[in-house]
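> The structure follows.
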2 protein chains.
Amino acid sequence: MSDNPIPKIVISRLPVYLRALSRMVSKGQLVTSSHELGKALGISSAQIRKDLSHFGEFGKQGTGYQVEFLISQLSQILNLDREWEVAVIGSGDIGHAIARYQGFSDRGFRVSVIFDSDPHKVGSFINGLEVLPSDKIIEVLTQRNIQIAMLAIPAEYAQKVTDTVVEAGVRAILSYAPISLNVPDHVRVSYIDPVTHLQSMTYYLSTEADLMSQPL
Amino acid sequence: MSDNPIPKIVISRLPVYLRALSRMVSKGQLVTSSHELGKALGISSAQIRKDLSHFGEFGKQGTGYQVEFLISQLSQILNLDREWEVAVIGSGDIGHAIARYQGFSDRGFRVSVIFDSDPHKVGSFINGLEVLPSDKIIEVLTQRNIQIAMLAIPAEYAQKVTDTVVEAGVRAILSYAPISLNVPDHVRVSYIDPVTHLQSMTYYLSTEADLMSQPL
């Protein structure tokens, strides 16, 4: 591995490659190519080869990639050869859906604790996990050395809760709150906001509709 | 506006600017600057000015941007000066959370119909919306001219449902299923997969932990 930092956009594509490869292996496929992978993902095969070349040689010209080998290599690169505990903050609809989501465990993550500030929700159980009171965040996360938090709370509380989980030692935050968060340099933040996705697509929607309605 | 297509990455940042500006206006702020906006978003002010310059002149050197004016311009650019109806496919935990989410309506979208293939769920109500049977997707979407669908279904059904909504005239799909979808060129797809976000962050987590544990 070189000393140059790998571009963030490259890192963000590796999980997508990993996901596609895992689907292949679940269907019993043993070998693939950058061409096939690119076609499945809508990414050029040259891009895939270039992305992977940052990390070494994973296939041979003409024979393609061994799917299971590439999976294990990508998993190592992404530090998924261990299980990461995740804290969920907020037990409303989204927190609920996250805590019950079956898609984490075979991809490296386990929701191991969930918090809410609402006394009516504290003490209830979601998917076998007891909802803990928010004022225990620092104590529990520090004790269990949990480094990843998912925020499923309204925008108005998001910065305050962010400060709290950062104080508790969290170094990666995935936030569903529709607001940009301020964090120290050593903390990563990623956002899930369905509306920004939708709004990026409506830009194209009407443009195309306008074009279609223009007289030829 | 120039005839050159605007880079996709620029378009994807506009909703984030819009979101930050809307927060400012909700707090009564009338004027901002690319510097202030950049600081709130962790984006350089030069990047913001460059992104906006694709679409015209929105502020004056030294006096900054009128927040409400910039909001109305960005809304027009993103075609949000109308309300878009959205169909949700799948009424499990995620579909449920989407259908009940309060954050769509003031940002240009309305979930107006929800489908499920499970006869036990069909006929139930979520947030006042009746869950309709999946075999009505083409009929209902065509009739109501719905062009946006959100998929909240397991990966194994996602491609089949995608083909169905595309047949029904949908031109923008936001999918929560952890699989890459194949669509015709005139259809946009965007994905929400929390695990890919988490995996992009764990790449950095252990790297940093390793660095910290190295003897100095």
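As shown in the structure tokens, the chain order sets the letters A, B, ...; within each chain, residues go from 1, and ligands are also counted from 1 in the order they appear.
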Taking the DSSP assignment computed from this structure's backbone, write out as a PyMOL selection string all residues of region 25-178 of chain A that belong to alpha helix (DSSP H).
chain A and resi 25-26+34-41+45-53+67-77+93-100+137-144+155-167
> Would you write out, as JSON lines, a table of all residues in region 87-125 of chain B that have an atom no more than 12 Å from an atom of region 177-194 of chain A, listing for each the closest atom pair and the distance in Å to one decimal, considering only C-alpha atoms and ordering rows by chain and rising residue number?

{"residue": "B:Ile94", "atom": "CA", "partner": "A:Pro194", "partner_atom": "CA", "distance": 11.8}
{"residue": "B:Ala97", "atom": "CA", "partner": "A:Pro194", "partner_atom": "CA", "distance": 11.6}
{"residue": "B:Ile98", "atom": "CA", "partner": "A:Pro194", "partner_atom": "CA", "distance": 9.0}
{"residue": "B:Tyr101", "atom": "CA", "partner": "A:Pro194", "partner_atom": "CA", "distance": 10.3}
{"residue": "B:Gln102", "atom": "CA", "partner": "A:Pro178", "partner_atom": "CA", "distance": 11.5}
{"residue": "B:Gly103", "atom": "CA", "partner": "A:Pro178", "partner_atom": "CA", "distance": 8.4}
{"residue": "B:Phe104", "atom": "CA", "partner": "A:Pro194", "partner_atom": "CA", "distance": 8.7}
{"residue": "B:Arg107", "atom": "CA", "partner": "A:Pro194", "partner_atom": "CA", "distance": 10.8}
{"residue": "B:Gly108", "atom": "CA", "partner": "A:Pro194", "partner_atom": "CA", "distance": 11.9}
{"residue": "B:Phe109", "atom": "CA", "partner": "A:Pro194", "partner_atom": "CA", "distance": 10.6}
> Between CA of Tyr204 (chain B) and CA of Val16 (chain A), what distance in Å does the model show, to one decimal?
16.6 Å
> Kindly determine which residues of chain A lie within 6 Å of chain B, considering only C-alpha atoms, and give the answer as a list in words.
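Result, ordered by chain then number: Ile11, Ser12, Pro15, Leu41, Leu78, Asn79, Asp93, Ile94, Ala97, Ser180, Thr196, Ser200, Thr202 and Tyr203 of chain A.
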> Which of region 83-113 of chain B counts as strand (DSSP E or B) under DSSP, as a list in words please?
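Residues of region 83-113 of chain B classed as strand (DSSP E or B): Trp84, Glu85, Val86, Ala87, Val88, Ile89, Phe109, Arg110, Val111, Ser112 and Val113 of chain B.
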> Excluding Glu57 (chain B) and its own-chain neighbours fewer than 6 positions away, which residues fall within 10 Å of it when counting only C-alpha atoms? Please give them as a PyMOL selection string.
chain B and resi 49+65+70
> Between B:Ala158, B:Ile114, B:Ile138, B:Leu52, which has the minimum distance to Ile89 (chain B) (counting only C-alpha atoms)?
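The answer is B:Ile114, which sits nearest to Ile89 (chain B).
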> In Å, rounded to a single decimal, give me how far CA of Phe115 (chain B) is from CA of Leu132 (chain B).
4.6 Å
> Excluding Ala168 (chain A) and any residue of its chain fewer than 4 positions from it, enumerate the residues within 10 Å of it, using only C-alpha atoms, and give them as a list in words.
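The residues satisfying every condition are Ile137, Ile138, Glu139, Val140, Leu141, Thr142, Gln143, Asn145, Ile146, Gln147, Thr162, Asp163 and Thr164 of chain A.
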